[in-house]
Amino acid sequence: RADSPTRGRHPGRRLQRGSMVDTTSMLLFTAVLINQTGRVMVPSVLTSIMVDPEFVLTVDARKEMLAGVSAVCLFGKLLGGAITDKLGGWTLLVAVFTGFFVSSAVLVSTANVAVFGAMWWLNSLAYTVTWGAACQIIGATYAPAERPAQLTRIASASRFGASLGSMFFGKLLKEGLHWRQALLPIVLVQAV
């Protein structure tokens, strides 16, 4: 029926009349929000890491890490689309969050600067690939007329998540938590 709540290309999507928000939309919004909140975790606490006497992060190591993050983000965007097309958006999102959880857990626990840098790169790769996976899911799930609203929704989640993460981690540092303690909550959120 034309007025059915399950009309359209994907009868499994349950929409309320007049609503563009469904389970897929909420899952994508949440995934991008968590991903972006976690993306800013290292930059948000980097000044605290730099003065941590138990974690000697040299200027050269910082330069290498930052250059690596930029390279990973560039190549992640170039390769991410091809990987997403082969695996599918949902499969890639599961892989991304697995890598995101592992990298975040290691970032919080390692005393090795090189391992820390590699995990920051993995974290950055997870961030970079998430957008393409979410866009692929939107393209495969929604009719052309619905896609702009869904893209706007995940773009909003992205900006809100990055702002939320910066404020959240900054607040925890301001309250006196060690940088490792400040990062721990995002690991727990990713685990769920």
# chains A, B, ... in the order shown; residues from 1 in each chain; ligands from 1
>>> select_by_dssp(residues="chain A", states="alpha helix (DSSP H)", output="JSON, numbers by chain")
{"A": [23, 24, 25, 26, 27, 28, 29, 30, 31, 32, 33, 34, 35, 36, 37, 38, 39, 41, 42, 43, 44, 45, 46, 47, 48, 49, 50, 59, 60, 61, 62, 63, 64, 65, 66, 67, 68, 69, 70, 71, 72, 73, 74, 75, 76, 77, 78, 79, 80, 81, 82, 83, 84, 85, 86, 87, 89, 90, 91, 92, 93, 94, 95, 96, 97, 98, 99, 100, 101, 102, 103, 104, 105, 106, 107, 108, 109, 113, 114, 115, 116, 117, 118, 119, 120, 121, 122, 123, 124, 125, 126, 127, 128, 129, 130, 131, 132, 133, 134, 135, 136, 137, 138, 139, 140, 141, 147, 148, 149, 150, 151, 152, 153, 154, 155, 156, 157, 158, 159, 160, 161, 162, 163, 164, 165, 166, 167, 168, 169, 170, 171, 172, 173, 174, 179, 180, 181, 182, 183, 184, 185, 186, 187, 188, 189, 190, 191]}
>>> residues_around(residues="Gln136 (chain A)", least_positions_apart="4", cutoff="8 Å", atoms="only C-alpha atoms", output="VMD selection string")
chain A and resid 84 to 85 88 to 89 132 140
>>> residues_around(residues="region 66-73 of chain A", least_positions_apart="2", cutoff="9 Å", atoms="only C-alpha atoms", output="PyMOL selection string")
chain A and resi 61-64+75-78+117-118+120-125+127-129
>>> write_last_selection(atoms="N, CA and C atoms", output="PDB file, in the first residue's frame")
ATOM      1  N   ALA A  61      59.144  12.240  17.974  1.00  0.00           N
ATOM      2  CA  ALA A  61      58.085  11.224  17.989  1.00  0.00           C
ATOM      3  C   ALA A  61      56.735  11.865  17.677  1.00  0.00           C
ATOM      4  N   ARG A  62      56.487  13.045  18.244  1.00  0.00           N
ATOM      5  CA  ARG A  62      55.229  13.764  17.963  1.00  0.00           C
ATOM      6  C   ARG A  62      55.125  14.116  16.483  1.00  0.00           C
ATOM      7  N   LYS A  63      56.223  14.582  15.911  1.00  0.00           N
ATOM      8  CA  LYS A  63      56.225  14.935  14.484  1.00  0.00           C
ATOM      9  C   LYS A  63      55.894  13.711  13.632  1.00  0.00           C
ATOM     10  N   GLU A  64      56.506  12.592  13.943  1.00  0.00           N
ATOM     11  CA  GLU A  64      56.252  11.357  13.187  1.00  0.00           C
ATOM     12  C   GLU A  64      54.793  10.913  13.338  1.00  0.00           C
ATOM     13  N   PHE A  75      45.252   8.189   2.928  1.00  0.00           N
ATOM     14  CA  PHE A  75      45.165   6.879   2.293  1.00  0.00           C
ATOM     15  C   PHE A  75      43.912   6.119   2.721  1.00  0.00           C
ATOM     16  N   GLY A  76      43.456   6.361   3.948  1.00  0.00           N
ATOM     17  CA  GLY A  76      42.217   5.740   4.406  1.00  0.00           C
ATOM     18  C   GLY A  76      41.029   6.172   3.571  1.00  0.00           C
ATOM     19  N   LYS A  77      41.012   7.450   3.179  1.00  0.00           N
ATOM     20  CA  LYS A  77      39.912   7.936   2.345  1.00  0.00           C
ATOM     21  C   LYS A  77      40.012   7.364   0.937  1.00  0.00           C
ATOM     22  N   LEU A  78      41.220   7.256   0.427  1.00  0.00           N
ATOM     23  CA  LEU A  78      41.397   6.717  -0.919  1.00  0.00           C
ATOM     24  C   LEU A  78      41.065   5.226  -0.978  1.00  0.00           C
ATOM     25  N   GLY A 117      51.927   5.471  19.048  1.00  0.00           N
ATOM     26  CA  GLY A 117      51.808   6.114  17.739  1.00  0.00           C
ATOM     27  C   GLY A 117      51.076   5.235  16.738  1.00  0.00           C
ATOM     28  N   ALA A 118      51.415   3.953  16.720  1.00  0.00           N
ATOM     29  CA  ALA A 118      50.748   3.027  15.794  1.00  0.00           C
ATOM     30  C   ALA A 118      49.254   2.920  16.108  1.00  0.00           C
ATOM     31  N   TRP A 120      47.447   5.268  17.503  1.00  0.00           N
ATOM     32  CA  TRP A 120      46.829   6.528  17.095  1.00  0.00           C
ATOM     33  C   TRP A 120      46.549   6.479  15.593  1.00  0.00           C
ATOM     34  N   TRP A 121      47.461   5.884  14.833  1.00  0.00           N
ATOM     35  CA  TRP A 121      47.244   5.729  13.397  1.00  0.00           C
ATOM     36  C   TRP A 121      46.051   4.818  13.129  1.00  0.00           C
ATOM     37  N   LEU A 122      45.964   3.699  13.864  1.00  0.00           N
ATOM     38  CA  LEU A 122      44.834   2.784  13.689  1.00  0.00           C
ATOM     39  C   LEU A 122      43.521   3.483  14.055  1.00  0.00           C
ATOM     40  N   ASN A 123      43.542   4.252  15.126  1.00  0.00           N
ATOM     41  CA  ASN A 123      42.387   5.025  15.545  1.00  0.00           C
ATOM     42  C   ASN A 123      41.982   6.003  14.436  1.00  0.00           C
ATOM     43  N   SER A 124      42.970   6.646  13.834  1.00  0.00           N
ATOM     44  CA  SER A 124      42.706   7.602  12.747  1.00  0.00           C
ATOM     45  C   SER A 124      42.149   6.899  11.515  1.00  0.00           C
ATOM     46  N   LEU A 125      42.645   5.725  11.226  1.00  0.00           N
ATOM     47  CA  LEU A 125      42.127   4.953  10.103  1.00  0.00           C
ATOM     48  C   LEU A 125      40.664   4.597  10.344  1.00  0.00           C
ATOM     49  N   TYR A 127      38.539   6.214  12.151  1.00  0.00           N
ATOM     50  CA  TYR A 127      37.764   7.450  11.971  1.00  0.00           C
ATOM     51  C   TYR A 127      37.541   7.731  10.488  1.00  0.00           C
ATOM     52  N   THR A 128      38.590   7.608   9.692  1.00  0.00           N
ATOM     53  CA  THR A 128      38.534   7.967   8.287  1.00  0.00           C
ATOM     54  C   THR A 128      37.583   7.070   7.503  1.00  0.00           C
ATOM     55  N   VAL A 129      37.601   5.793   7.773  1.00  0.00           N
ATOM     56  CA  VAL A 129      36.811   4.834   7.008  1.00  0.00           C
ATOM     57  C   VAL A 129      35.333   4.874   7.409  1.00  0.00           C
TER      58      VAL A 129
END
>>> atom_distance(atom1="CA of Leu28 (chain A)", atom2="CA of Leu92 (chain A)")
12.5 Å
>>> atom_distance(atom1="CA of Thr130 (chain A)", atom2="CA of Leu93 (chain A)")
6.4 Å
>>> closest_residue(among="A:Leu87, A:Val106, A:Leu184, A:Leu177", to="Ile137 (chain A)", atoms="only C-alpha atoms")
A:Leu87
>>> closest_residue(among="A:Trp179, A:Phe55, A:Phe29, A:Trp90", to="Arg153 (chain A)", atoms="only C-alpha atoms")
A:Phe29
>>> residues_around(residues="region 37-52 of chain A", least_positions_apart="6", cutoff="6 Å", atoms="only C-alpha atoms", output="ChimeraX atom specification")
/A:161-162,165-166
>>> closest_residue(among="A:Ala105, A:Met26, A:Val96, A:Ala111", to="Val189 (chain A)", atoms="only C-alpha atoms")
A:Ala105
>>> closest_residue(among="A:Pro53, A:Phe101, A:Cys135, A:Gln190", to="Ala149 (chain A)", atoms="only C-alpha atoms")
A:Cys135
>>> residues_around(residues="Val32 (chain A)", least_positions_apart="6", cutoff="8 Å", atoms="only C-alpha atoms", output="PyMOL selection string")
chain A and resi 130-131+134+154+157-158+161
>>> write_last_selection(atoms="N, CA and C atoms", output="PDB file, in the first residue's frame")
ATOM      1  N   THR A 130      35.034   5.344   8.593  1.00  0.00           N
ATOM      2  CA  THR A 130      33.646   5.359   9.070  1.00  0.00           C
ATOM      3  C   THR A 130      32.733   6.174   8.163  1.00  0.00           C
ATOM      4  N   TRP A 131      33.199   7.325   7.725  1.00  0.00           N
ATOM      5  CA  TRP A 131      32.350   8.190   6.907  1.00  0.00           C
ATOM      6  C   TRP A 131      31.937   7.487   5.617  1.00  0.00           C
ATOM      7  N   ALA A 134      29.403   4.733   6.327  1.00  0.00           N
ATOM      8  CA  ALA A 134      28.077   5.289   6.625  1.00  0.00           C
ATOM      9  C   ALA A 134      27.401   5.784   5.342  1.00  0.00           C
ATOM     10  N   ILE A 154      24.141  12.404   9.668  1.00  0.00           N
ATOM     11  CA  ILE A 154      25.444  11.875  10.095  1.00  0.00           C
ATOM     12  C   ILE A 154      26.507  12.964  10.100  1.00  0.00           C
ATOM     13  N   ALA A 157      26.099  14.500  13.405  1.00  0.00           N
ATOM     14  CA  ALA A 157      26.672  13.616  14.425  1.00  0.00           C
ATOM     15  C   ALA A 157      28.182  13.749  14.459  1.00  0.00           C
ATOM     16  N   SER A 158      28.781  13.904  13.298  1.00  0.00           N
ATOM     17  CA  SER A 158      30.226  14.053  13.202  1.00  0.00           C
ATOM     18  C   SER A 158      30.697  15.314  13.916  1.00  0.00           C
ATOM     19  N   GLY A 161      29.896  15.092  17.698  1.00  0.00           N
ATOM     20  CA  GLY A 161      30.785  14.139  18.375  1.00  0.00           C
ATOM     21  C   GLY A 161      32.168  14.703  18.613  1.00  0.00           C
TER      22      GLY A 161
END
